[in-house]
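These notes concern the structure reproduced below.
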Amino acid sequence: MHFISEELEDYAASHSENEPALLEALNRETHQKILQPRMLSGHFQGRVLSLLSKLVHPKAILEIGTFTGYATLCLAEGLQEGGTLDTLDNNEELYDFQRKYFDKSPWGGRITQHLGNALDIIPRLDKKFDLVFIDADKQNYPNYWNLIVPLIHKGGIILSDNVLWSGKVLEPVKDNDKSTKVLLDYNKMVKEDPRVETVLLPIRDGLTVSRVI
């Protein structure tokens, strides 16, 4: 769903930073070879993620949901020297695809892939983070939130993707639509959480930026 016209989206993208060549290649190969390529962050949102990461300048990043690694590389652009990025996904079929592009980037040696259930993996990481990007199964968003907020340094940022869910958050919810119900509850929970200050940005499919206070 386009919340603004495609022409305006194209104008915004064309007047933002250019898509790096490596990410352009990743974007193209994802659309050629991978199912559901629309899950990829893409040029405009990718530049937003990159800029936010550079503003935070994190030492440690956590990404929940890797897909083909496009957002991973965008976030990695802001890492401090020696900083690390842990990215979690349960789709082992994409592991080698992701690694190919990670290793072509300057940050390949600092990106660690984790396969499995994020709720099991995160406690085992035994570290705190400066920046977290949540972009995985929507029904677990509240569980991810409750797990990671205590793991964020003060002033750290949590980014939550797809929070407008193609506009379904404004429509009557069907009885069998569990994801929309969860996202409605999640958006309310995040807005009312006294541990953070939050802005929901209508970028692409909705991106919430929450700062731990």
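So you can find residues: chains in the structure tokens are A, B, ... in the order shown, residues in each start at 1, and ligands are numbered from 1 in order.
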
For this session: Output as a count of residues only all residues of segment 107-182 of chain A that backbone DSSP marks as helix (DSSP H, G or I).
Result: 36

For this session: Please identify all polymer residues within 8 Å of segment 81-85 of chain A, counting only C-alpha atoms, omitting same-chain residues fewer than 3 positions from it, and present them as a PyMOL selection string.
Result: chain A and resi 58-63+76+110-112

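Closest approach to Ser210 of chain A among A:Asp161, A:Glu171, A:Asp137, A:Asp86: A:Asp161, based on only C-alpha atoms.
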
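In this structure, atom CA of Val212 of chain A sits 5.1 Å away from atom CA of Gly155 of chain A.
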
Problem set entry | Residue contacts of Leu40 of chain A (8 Å, only C-alpha atoms) excluding same-chain residues fewer than 3 positions away, as a list in words |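 Final neighbour list, sorted by chain and number: Asn27, Thr30, Pro37, Phe67, Thr68, Tyr70 and Ala71 of chain A.
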
Exercise. Quick one: of A:Asn91, A:Gln80, A:Gln98, A:Ser105, who's nearest to Val56 of chain A, counting only C-alpha atoms?
Worked result: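 Result for the nearest residue to Val56 of chain A: A:Gln80.
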
Exercise. Mind pulling up the distance from atom CA of His43 of chain A to atom CA of Leu8 of chain A?
Worked result: 14.3 Å

Problem set entry | Residue contacts of Ile152 of chain A (12 Å, only C-alpha atoms) excluding same-chain residues fewer than 3 positions away, as a ChimeraX atom specification | /A:58-62,126-133,145-149,155-159,195-196,210-213

Could the residues in this selection be written to a file with C-alpha atoms, as a PDB file, in the first residue's frame?
```pdb
ATOM      1  CA  PRO A  58      26.234   2.345  17.926  1.00  0.00           C
ATOM      2  CA  LYS A  59      28.816  -0.004  19.357  1.00  0.00           C
ATOM      3  CA  ALA A  60      26.365  -2.907  19.305  1.00  0.00           C
ATOM      4  CA  ILE A  61      23.381  -3.448  16.997  1.00  0.00           C
ATOM      5  CA  LEU A  62      20.731  -6.163  17.202  1.00  0.00           C
ATOM      6  CA  ASP A 126      24.598 -11.708  27.032  1.00  0.00           C
ATOM      7  CA  LYS A 127      25.177  -8.130  25.894  1.00  0.00           C
ATOM      8  CA  LYS A 128      23.553  -4.726  25.760  1.00  0.00           C
ATOM      9  CA  PHE A 129      22.751  -2.803  22.611  1.00  0.00           C
ATOM     10  CA  ASP A 130      22.633   0.789  21.367  1.00  0.00           C
ATOM     11  CA  LEU A 131      20.362   0.133  18.381  1.00  0.00           C
ATOM     12  CA  VAL A 132      17.763  -2.569  17.729  1.00  0.00           C
ATOM     13  CA  PHE A 133      15.743  -3.170  14.563  1.00  0.00           C
ATOM     14  CA  TRP A 145       9.853  -5.573  22.903  1.00  0.00           C
ATOM     15  CA  ASN A 146       9.576  -6.803  26.468  1.00  0.00           C
ATOM     16  CA  LEU A 147      12.763  -8.813  26.071  1.00  0.00           C
ATOM     17  CA  ILE A 148      14.943  -6.132  24.531  1.00  0.00           C
ATOM     18  CA  VAL A 149      13.983  -2.880  26.295  1.00  0.00           C
ATOM     19  CA  GLY A 155      19.621   6.872  24.904  1.00  0.00           C
ATOM     20  CA  GLY A 156      19.570   3.803  22.663  1.00  0.00           C
ATOM     21  CA  ILE A 157      17.070   3.405  19.840  1.00  0.00           C
ATOM     22  CA  ILE A 158      14.553   0.682  18.989  1.00  0.00           C
ATOM     23  CA  LEU A 159      13.213   0.661  15.436  1.00  0.00           C
ATOM     24  CA  ARG A 195      10.646   3.770  29.476  1.00  0.00           C
ATOM     25  CA  VAL A 196      10.762   5.272  25.986  1.00  0.00           C
ATOM     26  CA  SER A 210      11.632   4.675  20.176  1.00  0.00           C
ATOM     27  CA  ARG A 211      14.369   6.193  22.348  1.00  0.00           C
ATOM     28  CA  VAL A 212      15.106   4.662  25.739  1.00  0.00           C
ATOM     29  CA  ILE A 213      15.039   7.375  28.421  1.00  0.00           C
TER      30      ILE A 213
END
```
